[in-house]
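First the structure, in the form of structure tokens, and then the observations on it.
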Amino acid sequence: MENTERKKKKGPGIKHLKPCVKGYVAPSVMTPVLIVFEVALEILIPLLMAALVDGGLYRVEQYQLQGVISRLPYANNLQFVLWVGGLMVLASLLSLLCGALAARTSAVASMGFAKNLRERIFGKILQFSFKNTDRFQTSSLVIRATTDVNNLQNTYQMFLRMMFRAPIMMVLAAIMSFRINVKLSYIFVIALPLVLTPMLLFMFIGRKRFKMMFKKMDTMNSAVQENLIGMRVVKSFVRGSYENDKFRDSADDLMRTQIYAQKLFSFANPIQLGVMWGATILLWLFGGRMSVSPDGNLPIGELTALIGYATQVIASLQMVSMFPLMLSRMRASLDRINEVFEEQIDIESPESDLVVETGEIEFDHVDFSYSGNPDVLNLKDISLHILPGQTVGVIGGTGEGKSTLVQMIPRLYDVLAGSVRVSGHDVREYSLKALRDGVSMVLQKNMLFSGSIRENMRWGDPDATDEQIREACKIACADGFVSAFPDGYNTDLGQGGCNVSGGQKQRLCIARALLKKPKILILDDSTSAVDTATEAKIREGLSKLTDMTKIVIAQRITSVMDADQIIVMEHGRISDVGRHAELLLRSEIYREVYESQVREEANA
């Protein structure tokens, strides 16, 4: 049902492309203007050639010159040849200049268009909620912002040049051909539909094939991305050969789909050339007879001009024959880009002046489902009250809803029923910026970005001083190992923090979260890679931040046993809430986890 609704909402083709021309209207308009001048000058050249052949090389007295040529001050054939030849050279140079300028303006316009389009796509993706992002593969979004945009860029550049050049060239060349000889010109009138009909058919068939090809490309790039991110796991499990074989199958599948999409268009050029050169042969055959026969009324120069215009028509049709292939790819790419633009944002940010003043949190009969189906709930009837400044632990098995629970607080997902209130207000009443400025979250998947440690820390506070950065790192037990680096806080982390350990990465992410000075700090199993002694120091440092509500999701009981209250999750419900001693007495789940961990420590 949801997919059907999204298809119905799918907008018309170029609605989202029009704003991307902004800032590049001038070169977009100048390109066809220059193309018109280029084509007009090219159309003039066969006419000059006819004058040159019939008026200069054969019989001046029999050739009736028209227009500007009739006023040329020639005294003999040689002078006439030089004048007309000079005009041909001048027309060629001016046409070349207009063509070069058109190439430049079309490049500027198309590249600027693509830049704007990428910015709009990226801006739209940044608005996505987690639920929106879950609907697209990361690799698919990357391809849409790169390969698909490149297809539209190339089509836009081709449109500015060939879509004006080819029709104008064909029309003007046809007009000149009919002026020279009507009967011979009908050859091209008959040839035109023979060329265009299969081209249009290819275009409609090719669109579906290219969409299939892009899906296969998404799958292959997803496999590449997954293996690059998980390279350490692949190597540690010696799965390189398996992953290589899997990738080869994906690449072969893509190759077959590409061949399937492209082979249709392999017939385009032979059909186009066969028809047009066949027409040219007929033109030579019948035109030659008309020129050499005693009663022929077609001078050699006019036949030469007619052949020149035929060549221009052929060149124009060659351009036109490229349109179906380009448009099929473009339409498939446009559909994929429109899917991003037409994606309905699940979480909208209201205009509000509210700010998070305290760390008070209240869940009021909250239901939530990732699928949106009320019959398949991930959280069921959650009611909970957390006072400002409290430290709250969350315990439960894998898949019991611990991370889902805390993701409701900064509105990474929205509730299906009930409400979540922060500082006395429903989270949906805050602007997303104000709410997320007041809630700092360290997710299970820690992410550091390319750049120095100092630059990464300032994600928490762009104006943070070096002393504030150092203080946050001390609380997170990160200052020690950072100071040990030769470059200290100027150390470059590389992509994703590839040159620090998992535990070091977690501590840097905690320090970055603390720099926001939030009212609520959420640590989602963010000390799992840290040894128990270091974790105890981090807990001690966090305990001094009494004006901050702290929610700690953990697998180890020792991580939360000193909390003001501990939440035990089971099957998306709150099984029990209490302090450590209380839960040991009344919660069977909590007691089993505690005893199993005590036994493990005793056996270690």
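Just remember, in the structure tokens the first chain shown is A, the second B, etc., residues are 1-based per chain, and ligands are 1-based in the order shown.
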
Might you pull out every residue within 10 Å of Met213 in chain A, with only C-alpha atoms counted and same-chain residues fewer than 2 positions away left off, and present them as a JSON list (two decimals) with C-alpha atoms, in the first residue's frame?
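New file result_37.json:
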[["chain", "number", "residue", "atom", "x", "y", "z"],
["A", 207, "ARG", "CA", 13.84, 2.89, -20.57],
["A", 208, "LYS", "CA", 12.79, -0.29, -18.73],
["A", 209, "ARG", "CA", 16.05, -2.00, -19.60],
["A", 210, "PHE", "CA", 18.15, 0.86, -18.25],
["A", 211, "LYS", "CA", 16.14, 0.97, -15.01],
["A", 215, "LYS", "CA", 19.23, -1.65, -10.03],
["A", 216, "LYS", "CA", 21.95, -4.20, -10.77],
["A", 217, "MET", "CA", 24.52, -1.41, -10.45],
["A", 218, "ASP", "CA", 23.11, -0.54, -7.02],
["A", 253, "ASP", "CA", 24.91, -10.06, -13.73],
["A", 254, "LEU", "CA", 25.40, -6.32, -14.28],
["A", 255, "MET", "CA", 27.34, -6.99, -17.50],
["A", 256, "ARG", "CA", 24.54, -9.17, -18.88],
["A", 257, "THR", "CA", 21.97, -6.51, -17.99],
["A", 258, "GLN", "CA", 24.10, -3.79, -19.62],
["A", 259, "ILE", "CA", 24.45, -5.88, -22.78],
["A", 260, "TYR", "CA", 20.70, -6.49, -22.74],
["A", 261, "ALA", "CA", 20.09, -2.74, -22.42],
["A", 262, "GLN", "CA", 22.66, -1.69, -25.02],
["A", 329, "ARG", "CA", 19.22, 6.39, -19.91],
["A", 332, "ALA", "CA", 15.69, 5.88, -16.08]]

Item to check | Residue contacts of Met319 in chain A (12 Å, only C-alpha atoms) excluding same-chain residues fewer than 6 positions away, as a ChimeraX atom specification | outcome: /A:158-159,161-167,169-170,195-196,199,268-269,272-273,312-313,325-326

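Closest approach to Arg118 in chain A among A:Thr133, A:Gln390, A:Thr147, A:Ser140: A:Thr147, based on only C-alpha atoms.
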
Near range 242-246 of chain A, counting only C-alpha atoms, which residues have an atom at most 10 Å away, once you skip same-chain residues fewer than 3 positions from it, shown as a CSV table (one decimal) with C-alpha atoms, in the first residue's frame?
chain,number,residue,atom,x,y,z
A,220,MET,CA,27.1,-4.4,-7.1
A,223,ALA,CA,28.6,-5.2,-2.2
A,224,VAL,CA,31.7,-3.1,-2.8
A,227,ASN,CA,33.3,-5.2,1.8
A,234,VAL,CA,36.5,-10.4,5.6
A,238,VAL,CA,39.5,-15.6,5.4
A,239,ARG,CA,36.5,-14.9,3.2
A,249,ASP,CA,28.6,-13.0,-10.0
A,250,SER,CA,27.2,-9.5,-9.3
A,251,ALA,CA,29.5,-8.0,-11.9
A,252,ASP,CA,28.6,-10.7,-14.4

Checklist entry - Mind checking DSSP for range 332-444 of chain A and telling me the strand (DSSP E) residues as JSON, numbers by chain? => result {"A": [361, 362, 363, 364, 365, 366, 367, 368, 379, 380, 381, 382, 383, 384, 385, 386, 391, 392, 393, 394, 395, 396, 417, 418, 419, 420, 421, 422, 425, 426, 439, 440, 441, 442]}

Please produce a file of the residues just selected, as an mmCIF file, in the first residue's frame, where the atoms kept are N, CA and C atoms.
data_model
loop_
_atom_site.group_PDB
_atom_site.id
_atom_site.type_symbol
_atom_site.label_atom_id
_atom_site.label_comp_id
_atom_site.auth_asym_id
_atom_site.auth_seq_id
_atom_site.Cartn_x
_atom_site.Cartn_y
_atom_site.Cartn_z
ATOM 1 N N ILE A 361 12.372 13.329 31.258
ATOM 2 C CA ILE A 361 11.866 12.539 30.133
ATOM 3 C C ILE A 361 10.666 11.736 30.605
ATOM 4 N N GLU A 362 9.633 11.690 29.773
ATOM 5 C CA GLU A 362 8.457 10.891 30.111
ATOM 6 C C GLU A 362 7.929 10.191 28.861
ATOM 7 N N PHE A 363 7.797 8.867 28.968
ATOM 8 C CA PHE A 363 7.149 8.057 27.935
ATOM 9 C C PHE A 363 5.727 7.780 28.398
ATOM 10 N N ASP A 364 4.749 8.091 27.550
ATOM 11 C CA ASP A 364 3.354 7.920 27.930
ATOM 12 C C ASP A 364 2.666 6.951 26.963
ATOM 13 N N HIS A 365 2.620 5.671 27.362
ATOM 14 C CA HIS A 365 1.952 4.619 26.589
ATOM 15 C C HIS A 365 2.414 4.633 25.124
ATOM 16 N N VAL A 366 3.702 4.522 24.933
ATOM 17 C CA VAL A 366 4.307 4.622 23.600
ATOM 18 C C VAL A 366 4.287 3.267 22.893
ATOM 19 N N ASP A 367 3.797 3.285 21.651
ATOM 20 C CA ASP A 367 3.922 2.147 20.725
ATOM 21 C C ASP A 367 4.763 2.599 19.546
ATOM 22 N N PHE A 368 5.538 1.665 19.010
ATOM 23 C CA PHE A 368 6.350 1.999 17.827
ATOM 24 C C PHE A 368 6.543 0.759 16.984
ATOM 25 N N LEU A 379 8.028 -1.607 19.978
ATOM 26 C CA LEU A 379 7.846 -1.135 21.351
ATOM 27 C C LEU A 379 6.356 -1.181 21.662
ATOM 28 N N LYS A 380 6.011 -1.673 22.845
ATOM 29 C CA LYS A 380 4.606 -1.880 23.190
ATOM 30 C C LYS A 380 4.294 -1.239 24.540
ATOM 31 N N ASP A 381 3.411 -0.271 24.516
ATOM 32 C CA ASP A 381 2.860 0.351 25.718
ATOM 33 C C ASP A 381 3.962 0.726 26.726
ATOM 34 N N ILE A 382 4.897 1.551 26.278
ATOM 35 C CA ILE A 382 6.009 1.979 27.134
ATOM 36 C C ILE A 382 5.582 3.211 27.935
ATOM 37 N N SER A 383 5.608 3.103 29.232
ATOM 38 C CA SER A 383 5.363 4.230 30.123
ATOM 39 C C SER A 383 6.526 4.324 31.105
ATOM 40 N N LEU A 384 7.116 5.520 31.200
ATOM 41 C CA LEU A 384 8.352 5.682 31.965
ATOM 42 C C LEU A 384 8.544 7.149 32.310
ATOM 43 N N HIS A 385 9.076 7.413 33.500
ATOM 44 C CA HIS A 385 9.354 8.787 33.904
ATOM 45 C C HIS A 385 10.783 8.866 34.448
ATOM 46 N N ILE A 386 11.592 9.749 33.835
ATOM 47 C CA ILE A 386 12.992 9.936 34.246
ATOM 48 C C ILE A 386 13.141 11.377 34.706
ATOM 49 N N THR A 391 20.721 9.157 36.479
ATOM 50 C CA THR A 391 21.447 8.216 35.629
ATOM 51 C C THR A 391 20.587 6.967 35.517
ATOM 52 N N VAL A 392 20.263 6.597 34.289
ATOM 53 C CA VAL A 392 19.343 5.491 34.036
ATOM 54 C C VAL A 392 20.061 4.440 33.202
ATOM 55 N N GLY A 393 19.991 3.210 33.623
ATOM 56 C CA GLY A 393 20.556 2.097 32.860
ATOM 57 C C GLY A 393 19.460 1.353 32.124
ATOM 58 N N VAL A 394 19.800 0.799 30.971
ATOM 59 C CA VAL A 394 18.846 -0.005 30.189
ATOM 60 C C VAL A 394 19.508 -1.339 29.886
ATOM 61 N N ILE A 395 18.856 -2.415 30.328
ATOM 62 C CA ILE A 395 19.391 -3.774 30.179
ATOM 63 C C ILE A 395 18.376 -4.613 29.422
ATOM 64 N N GLY A 396 18.878 -5.546 28.635
ATOM 65 C CA GLY A 396 18.000 -6.461 27.915
ATOM 66 C C GLY A 396 18.780 -7.207 26.858
ATOM 67 N N ALA A 417 2.109 5.491 18.496
ATOM 68 C CA ALA A 417 1.016 5.884 19.389
ATOM 69 C C ALA A 417 1.628 6.358 20.695
ATOM 70 N N GLY A 418 0.868 7.152 21.457
ATOM 71 C CA GLY A 418 1.391 7.700 22.697
ATOM 72 C C GLY A 418 2.242 8.921 22.440
ATOM 73 N N SER A 419 3.069 9.269 23.412
ATOM 74 C CA SER A 419 3.917 10.454 23.271
ATOM 75 C C SER A 419 5.183 10.321 24.109
ATOM 76 N N VAL A 420 6.212 11.038 23.681
ATOM 77 C CA VAL A 420 7.454 11.173 24.433
ATOM 78 C C VAL A 420 7.614 12.647 24.751
ATOM 79 N N ARG A 421 7.786 12.970 26.037
ATOM 80 C CA ARG A 421 7.932 14.358 26.456
ATOM 81 C C ARG A 421 9.321 14.581 27.045
ATOM 82 N N VAL A 422 9.919 15.682 26.652
ATOM 83 C CA VAL A 422 11.206 16.114 27.186
ATOM 84 C C VAL A 422 11.017 17.487 27.803
ATOM 85 N N HIS A 425 7.487 18.910 27.468
ATOM 86 C CA HIS A 425 6.882 19.158 26.162
ATOM 87 C C HIS A 425 7.035 17.926 25.271
ATOM 88 N N ASP A 426 6.009 17.654 24.485
ATOM 89 C CA ASP A 426 6.089 16.582 23.494
ATOM 90 C C ASP A 426 7.259 16.886 22.549
ATOM 91 N N VAL A 439 19.821 17.057 23.255
ATOM 92 C CA VAL A 439 20.006 15.610 23.457
ATOM 93 C C VAL A 439 21.235 15.173 22.682
ATOM 94 N N SER A 440 22.196 14.627 23.382
ATOM 95 C CA SER A 440 23.426 14.156 22.727
ATOM 96 C C SER A 440 23.452 12.635 22.801
ATOM 97 N N MET A 441 23.724 12.010 21.658
ATOM 98 C CA MET A 441 23.602 10.552 21.582
ATOM 99 C C MET A 441 24.850 9.943 20.960
ATOM 100 N N VAL A 442 25.380 8.938 21.619
ATOM 101 C CA VAL A 442 26.489 8.157 21.073
ATOM 102 C C VAL A 442 25.911 6.818 20.650
#

Checklist entry - Which residues, written as a list in words, have at least one atom at most 12 Å from Lys124 in chain A, with only C-alpha atoms counted and residues fewer than 6 positions away on the same chain left out? => result His16, Leu117, Arg118, Asn132, Thr133, Leu141, Ala145, Ile337, Asn338, Glu339, Val340, Phe341, Glu342, Glu343, Gln344 and Ile345 of chain A

Output C-alpha atoms of each residue in that selection to a file, as a tab-separated table (two decimals), in the first residue's frame.
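result-v8.tsv written:
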chain	number	residue	atom	x	y	z
A	16	HIS	CA	12.47	18.98	-9.75
A	117	LEU	CA	21.11	19.08	-8.83
A	118	ARG	CA	23.66	17.30	-6.64
A	132	ASN	CA	13.48	7.40	5.12
A	133	THR	CA	17.11	6.33	4.91
A	141	LEU	CA	21.81	7.02	-2.94
A	145	ALA	CA	23.86	11.60	-6.71
A	337	ILE	CA	16.30	10.90	-8.80
A	338	ASN	CA	12.60	11.74	-8.60
A	339	GLU	CA	12.19	8.87	-6.13
A	340	VAL	CA	14.55	10.76	-3.80
A	341	PHE	CA	12.80	14.10	-4.30
A	342	GLU	CA	9.32	12.57	-3.96
A	343	GLU	CA	10.20	10.64	-0.80
A	344	GLN	CA	7.89	11.90	1.93
A	345	ILE	CA	9.87	13.05	4.96

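The neighbours of Val593 in chain A here are the residues that come within 10 Å of it, using only C-alpha atoms and leaving out any residue fewer than 2 positions away in the same chain; they are Ile395, Gly396, Gly397, Gln555, Arg556, Ile557, Leu584, Glu588, Ile589, Tyr590, Arg591, Glu595, Ser596, Gln597 and Val598 of chain A.
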